[in-house]
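S.K.: I am attaching a structure below and will ask some questions about it afterwards.
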Amino acid sequence: MCGQKEIATDRYHSNFVPIIVWLRPRSGSAKKVETQPQTKGQIQVQGPMTVSDNIINNNMTLKLRMYKGRYYEDWNLGAIQGTIWEGQFVAEVTDENGKIINQTDLSKFYKGQPLTFTSMFKLKFSDYNNDGDMDFALGQYGSSNGNFYKIFTVRKNGKVEELNVKDYPSLVMSGPANSMKLEKVDNLTFKKNFYDNSKLKYFEDFFKWDGQQFIRIKQNESETPFVN
């Protein structure tokens with residue numbers, strides 16, 4: 001007895017592959033037998049994936065959405081584990097009716113390198129330079145001592161821009177959060193803390209807005225880290 005197999009994939013459920021087997025006896029017509037679907041081990045995702053959904057005010061909402069990359073799980077012990085979103089993200093601002101006002105590709109602030117997040121999260125907003133626009137700090141994994149953060153602002157037209165810090169491409173801050181609320185000293189000054197392994201101590205840096213960028217104005221030893 002000879003056999004001929006035909007494999008057809010369901011375009012709406014690509015994780016299952018029904019297998020159709022044609023059994024041809026030595027004489028007579030062929031008899032069709034359809035087997036049960038078999039697991040393929042793939043999941044189809046349609047459209048961008050949102051990792052952060054935030055209401056800025058009554059008129060605007062800001063979402064961080066991965067438009068290119070991969071989602072996977074890694075439960076081995078390590079610096080990055082669990083559920084993982086890794087790829088290129090866009091900051092999408094919509095109005096109260098859900099209409100897109102502006103989209104900003106975040107990869108340009110990270111030299112095209114992919115961003116990685118291990119959970120869904122909320123951004124923590126404040127106005128750090130007293131210009132009336134909402135700002136937020138976005139973190140990426142740095143080391144066991146803390147993450148690397150950049151400060152962004154949301155303009156009134158929905159465009160997201162980076163607020164520069166002189167001599168600091170990113171700020172190292174203690175804590176594993178994807179977004180941290182910086183401790184404000186006054187309307188133009190904030191401070192952040194970090195742990196120095198070489199000195200086995202915590203320190204806090206003070207940064208002040210000069211009209212165009214933040215500049216570090218002093219550093220103090222800190223007894224305990226700031227937790228927001």
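A note on labels: chains of the structure tokens are A, B, ... as shown, every chain counts residues from 1, and ligands are counted from 1 in their shown order.
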Fewer than 6 positions away in the same chain doesn't count, so skip those; otherwise give me all residues within 7 Å of Asn102 (chain A), counting only C-alpha atoms, as a ChimeraX atom specification.
M.R.: /A:92-93,158-159
S.K.: Can you write just those residues out, C-alpha atoms, as an mmCIF file, in the first residue's frame?
M.R.:
data_model
loop_
_atom_site.group_PDB
_atom_site.id
_atom_site.type_symbol
_atom_site.label_atom_id
_atom_site.label_comp_id
_atom_site.auth_asym_id
_atom_site.auth_seq_id
_atom_site.Cartn_x
_atom_site.Cartn_y
_atom_site.Cartn_z
ATOM 1 C CA GLU A 92 1.840 57.025 20.864
ATOM 2 C CA VAL A 93 -0.227 59.968 22.109
ATOM 3 C CA GLY A 158 1.893 65.076 21.581
ATOM 4 C CA LYS A 159 5.522 64.854 20.494
#
S.K.: Name the residues in contact with Trp209 (chain A) at a cut-off of 9 Å, using only C-alpha atoms, excluding same-chain residues fewer than 4 positions from it; report them as an mmCIF file with N, CA and C atoms, in the first residue's frame.
M.R.:
data_model
loop_
_atom_site.group_PDB
_atom_site.id
_atom_site.type_symbol
_atom_site.label_atom_id
_atom_site.label_comp_id
_atom_site.auth_asym_id
_atom_site.auth_seq_id
_atom_site.Cartn_x
_atom_site.Cartn_y
_atom_site.Cartn_z
ATOM 1 N N TYR A 128 9.619 68.464 35.700
ATOM 2 C CA TYR A 128 10.919 68.648 36.341
ATOM 3 C C TYR A 128 11.611 69.956 35.981
ATOM 4 N N ASN A 129 11.165 70.626 34.911
ATOM 5 C CA ASN A 129 11.819 71.882 34.516
ATOM 6 C C ASN A 129 10.853 73.064 34.482
ATOM 7 N N ASN A 130 9.663 72.885 35.051
ATOM 8 C CA ASN A 130 8.702 73.976 35.257
ATOM 9 C C ASN A 130 8.278 74.663 33.952
ATOM 10 N N VAL A 165 20.683 65.846 29.774
ATOM 11 C CA VAL A 165 21.421 66.046 31.020
ATOM 12 C C VAL A 165 22.895 66.164 30.638
ATOM 13 N N LEU A 188 12.920 73.611 39.601
ATOM 14 C CA LEU A 188 13.895 73.403 38.537
ATOM 15 C C LEU A 188 14.958 72.368 38.894
ATOM 16 N N THR A 189 14.876 71.793 40.076
ATOM 17 C CA THR A 189 15.938 70.906 40.561
ATOM 18 C C THR A 189 15.364 69.580 41.044
ATOM 19 N N PHE A 190 16.052 68.495 40.697
ATOM 20 C CA PHE A 190 15.705 67.182 41.235
ATOM 21 C C PHE A 190 16.978 66.496 41.712
ATOM 22 N N GLN A 213 19.081 72.475 29.412
ATOM 23 C CA GLN A 213 19.445 71.129 29.839
ATOM 24 C C GLN A 213 19.608 71.098 31.358
ATOM 25 N N PHE A 214 19.653 69.880 31.900
ATOM 26 C CA PHE A 214 19.940 69.716 33.319
ATOM 27 C C PHE A 214 21.454 69.646 33.519
ATOM 28 N N ILE A 215 21.927 70.265 34.595
ATOM 29 C CA ILE A 215 23.351 70.273 34.931
ATOM 30 C C ILE A 215 23.507 69.814 36.376
#
S.K.: Can you check which residues of region 120-175 of chain A DSSP gives as strand (DSSP E or B) on the backbone and send them as number ranges by chain?
M.R.: A: 125-126, 134-143, 146-154, 160-162, 165, 171-173
S.K.: For Gly142 (chain A), find every residue with an atom within 12 Å (counting only C-alpha atoms), except residues of its own chain fewer than 2 positions away, and show them as a list in words.
M.R.: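 Neighbouring residues, sequence-local ones excluded: Ala79, Ile80, Thr116, Gly139, Gln140, Ser144, Asn145, Gly146, Asn147, Phe148, Tyr149, Ser170, Leu171, Val172, Met173, Ser174, Gly175, Pro176, Ala177, Asn178 and Phe194 of chain A.
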S.K.: Output the selection as a short mmCIF file (atom, residue, chain, number, x, y, z; two decimals), in the first residue's frame - C-alpha atoms for each residue.
M.R.:
data_model
loop_
_atom_site.label_atom_id
_atom_site.label_comp_id
_atom_site.auth_asym_id
_atom_site.auth_seq_id
_atom_site.Cartn_x
_atom_site.Cartn_y
_atom_site.Cartn_z
CA ALA A 79 19.17 39.59 35.23
CA ILE A 80 16.25 39.56 32.77
CA THR A 116 13.57 45.46 26.85
CA GLY A 139 14.57 52.91 32.59
CA GLN A 140 16.48 50.04 31.05
CA SER A 144 22.26 44.70 40.07
CA ASN A 145 22.79 48.18 41.55
CA GLY A 146 20.32 50.00 39.35
CA ASN A 147 18.98 50.90 35.93
CA PHE A 148 19.88 53.44 33.25
CA TYR A 149 17.25 56.18 32.89
CA SER A 170 21.67 58.35 30.93
CA LEU A 171 21.26 58.47 34.71
CA VAL A 172 22.12 55.50 36.91
CA MET A 173 19.55 55.16 39.68
CA SER A 174 19.03 52.49 42.30
CA GLY A 175 15.87 50.48 41.80
CA PRO A 176 14.47 47.99 39.28
CA ALA A 177 11.49 50.05 38.09
CA ASN A 178 10.81 50.72 34.40
CA PHE A 194 22.82 55.50 43.28
#
S.K.: Identify, on the basis of only C-alpha atoms, every residue whose closest approach to region 57-61 of chain A does not exceed 9 Å; exclude the query and any residue fewer than 4 positions from it along the same chain; express the result as a VMD selection string.
M.R.: chain A and resid 53 92 to 98 101 158
S.K.: If you measure from CA of Met134 (chain A) to CA of Leu64 (chain A), what distance in Å do you get, rounded to one decimal?
M.R.: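 Result for CA of Met134 (chain A) versus CA of Leu64 (chain A): 15.4 Å, one decimal.
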S.K.: Report as CSV the residues of region 86-193 of chain A within 10 Å of region 47-50 of chain A, each with its shortest atom pair and distance in Å (one decimal), using only C-alpha atoms, ordered by chain and increasing residue number.
M.R.:
residue,atom,partner,partner_atom,distance
A:Phe89,CA,A:Pro48,CA,9.0
A:Val90,CA,A:Pro48,CA,9.4
A:Ala91,CA,A:Thr50,CA,9.9
A:Glu92,CA,A:Thr50,CA,9.9
A:Met120,CA,A:Thr50,CA,8.0
A:Phe121,CA,A:Thr50,CA,9.9
